[in-house]
Amino acid sequence: WRSQNEVAAAASCADHARGSVHRHQMLARSRLPAALPLRRLLSTKAIPPPKLFDYATVTSHIHVSDAISAVEAAFGALARGKVDVPFPMHIGIDETASAGPGDCHIKGGYVSGESTWTVKLACVSFYKNVADGLPPGGGIFVVMNAKNGAPLAVIQENRFLTDVRTGAAGGISVKYLTKPTDKTVGFIGTGAIAKSMARATAAVRPGFTGFAYGADAEMAQSFCDEMRAELGCEFTAVGSAEELCASAKVVFTQTPGSATVLERSMLQPGSTVIASGSDQPTKQELPVDLLANCKYVCDLVGQVSKVGELRSALAAGAMTEADVYAELGQVVNGDKPGREGDEIIVCDLTGTGAQDAAIGQVAWEKLSKL
């Protein structure tokens, strides 16, 4: 038998619980459309499972040229504040007997008014994979229905779509930050991203002449041979970054970013440097004196200040965020002019969730029709 106090306490708790449930019910109902009967809410339908697309399907149907207009529009929306882009998440996989070493980057975003939004998981720097004959990373895109929150697709892209949307950003940079007569283009670093940059450049500046330099001379020559055959442009491998800068007015840098890859003194007047290698706080491709003495454009100020080239200039006290000339989307929107004369322009591309949202939408629109 319980005492009167215990009975009273129990009754009080029951009343509190009933009140809490009632408040939650009222709150839930207040969020519902007035015309939606409660019985419809109580009947549930299964959400269809997402479609799965493997790597071979993705790489055979998606191309850089498909992405340029969508990514350009996403940059414009980003500058207008019409994209919800959270700060990227980074997961470090330390080396142990059962894991790593490697890194995982998680990005995503939603462009207002679009029918999908995307979350991307990109795994990189799993260098031990090479010994097993595997690429040094992988990745997936999850494309979601923006109307009902249902997953539409899980796309195994192993960083292919990331490279495609990065290349699209490079092509947009060429379009807005160089002169139409700038048809000599150099590539420092000759991996997958360089190929995507070259393809995007060919889409916006056909018939350019390419130059390439990399630490691995054989790889640089292979890059030139492949791009020459694919794009119909002349490509030449050169022996140094200095020789490349003397030959090219447009210079792409896409290296691991562990050390600077060129000097300010190497650049011709009117050069445009499009840097995409720095995407972590430990990376830096460009020297601080170049950053502090150029027209500096970036994809997203809040991001490049943490993980892009701007980070090193801020740390050195050579620049502040106020020294950023423009975000690329501001130039796309016409809020700021791009190329105006023979100034040196640096465009710092760290990769944004807006781009991932854009390429996710492009991929879904193409792949869902197969």
# chains A, B, ... in the order shown; residues from 1 in each chain; ligands from 1
$ select_by_dssp --residues "stretch 179-333 of chain A" --states "helix (DSSP H, G or I)" --output "ChimeraX atom specification"
/A:192-204,217-231,241-247,264-266,288-291,301-307,309-315,321-323,328-332
$ residues_around --residues "A:Ala153" --least-positions-apart "3" --cutoff "8 Å" --atoms "only C-alpha atoms" --output "PyMOL selection string"
chain A and resi 50-53+141-144+364
$ closest_residue --among "A:Val58, A:Thr190, A:Ala203, A:Glu242" --to "A:Ala217" --atoms "only C-alpha atoms"
A:Thr190
$ atom_distance --atom1 "atom CA of A:Asn293" --atom2 "atom CA of A:Arg165"
28.3 Å
$ closest_atom_pairs --of "stretch 201-239 of chain A" --to "stretch 171-183 of chain A" --cutoff "9 Å" --atoms "only C-alpha atoms" --output "tab-separated table"
residue	atom	partner	partner_atom	distance
A:Thr201	CA	A:Gly171	CA	4.9
A:Ala202	CA	A:Gly171	CA	8.2
A:Ala203	CA	A:Gly171	CA	7.5
A:Val204	CA	A:Lys175	CA	6.3
A:Arg205	CA	A:Lys183	CA	7.2
A:Pro206	CA	A:Lys183	CA	8.5
A:Gly207	CA	A:Lys183	CA	7.5
A:Phe208	CA	A:Lys183	CA	4.5
A:Thr209	CA	A:Lys183	CA	6.1
A:Gly210	CA	A:Lys183	CA	8.3
$ closest_residue --among "A:Gly329, A:Gly270, A:Gly257, A:Gly191" --to "A:Pro287" --atoms "only C-alpha atoms"
A:Gly257
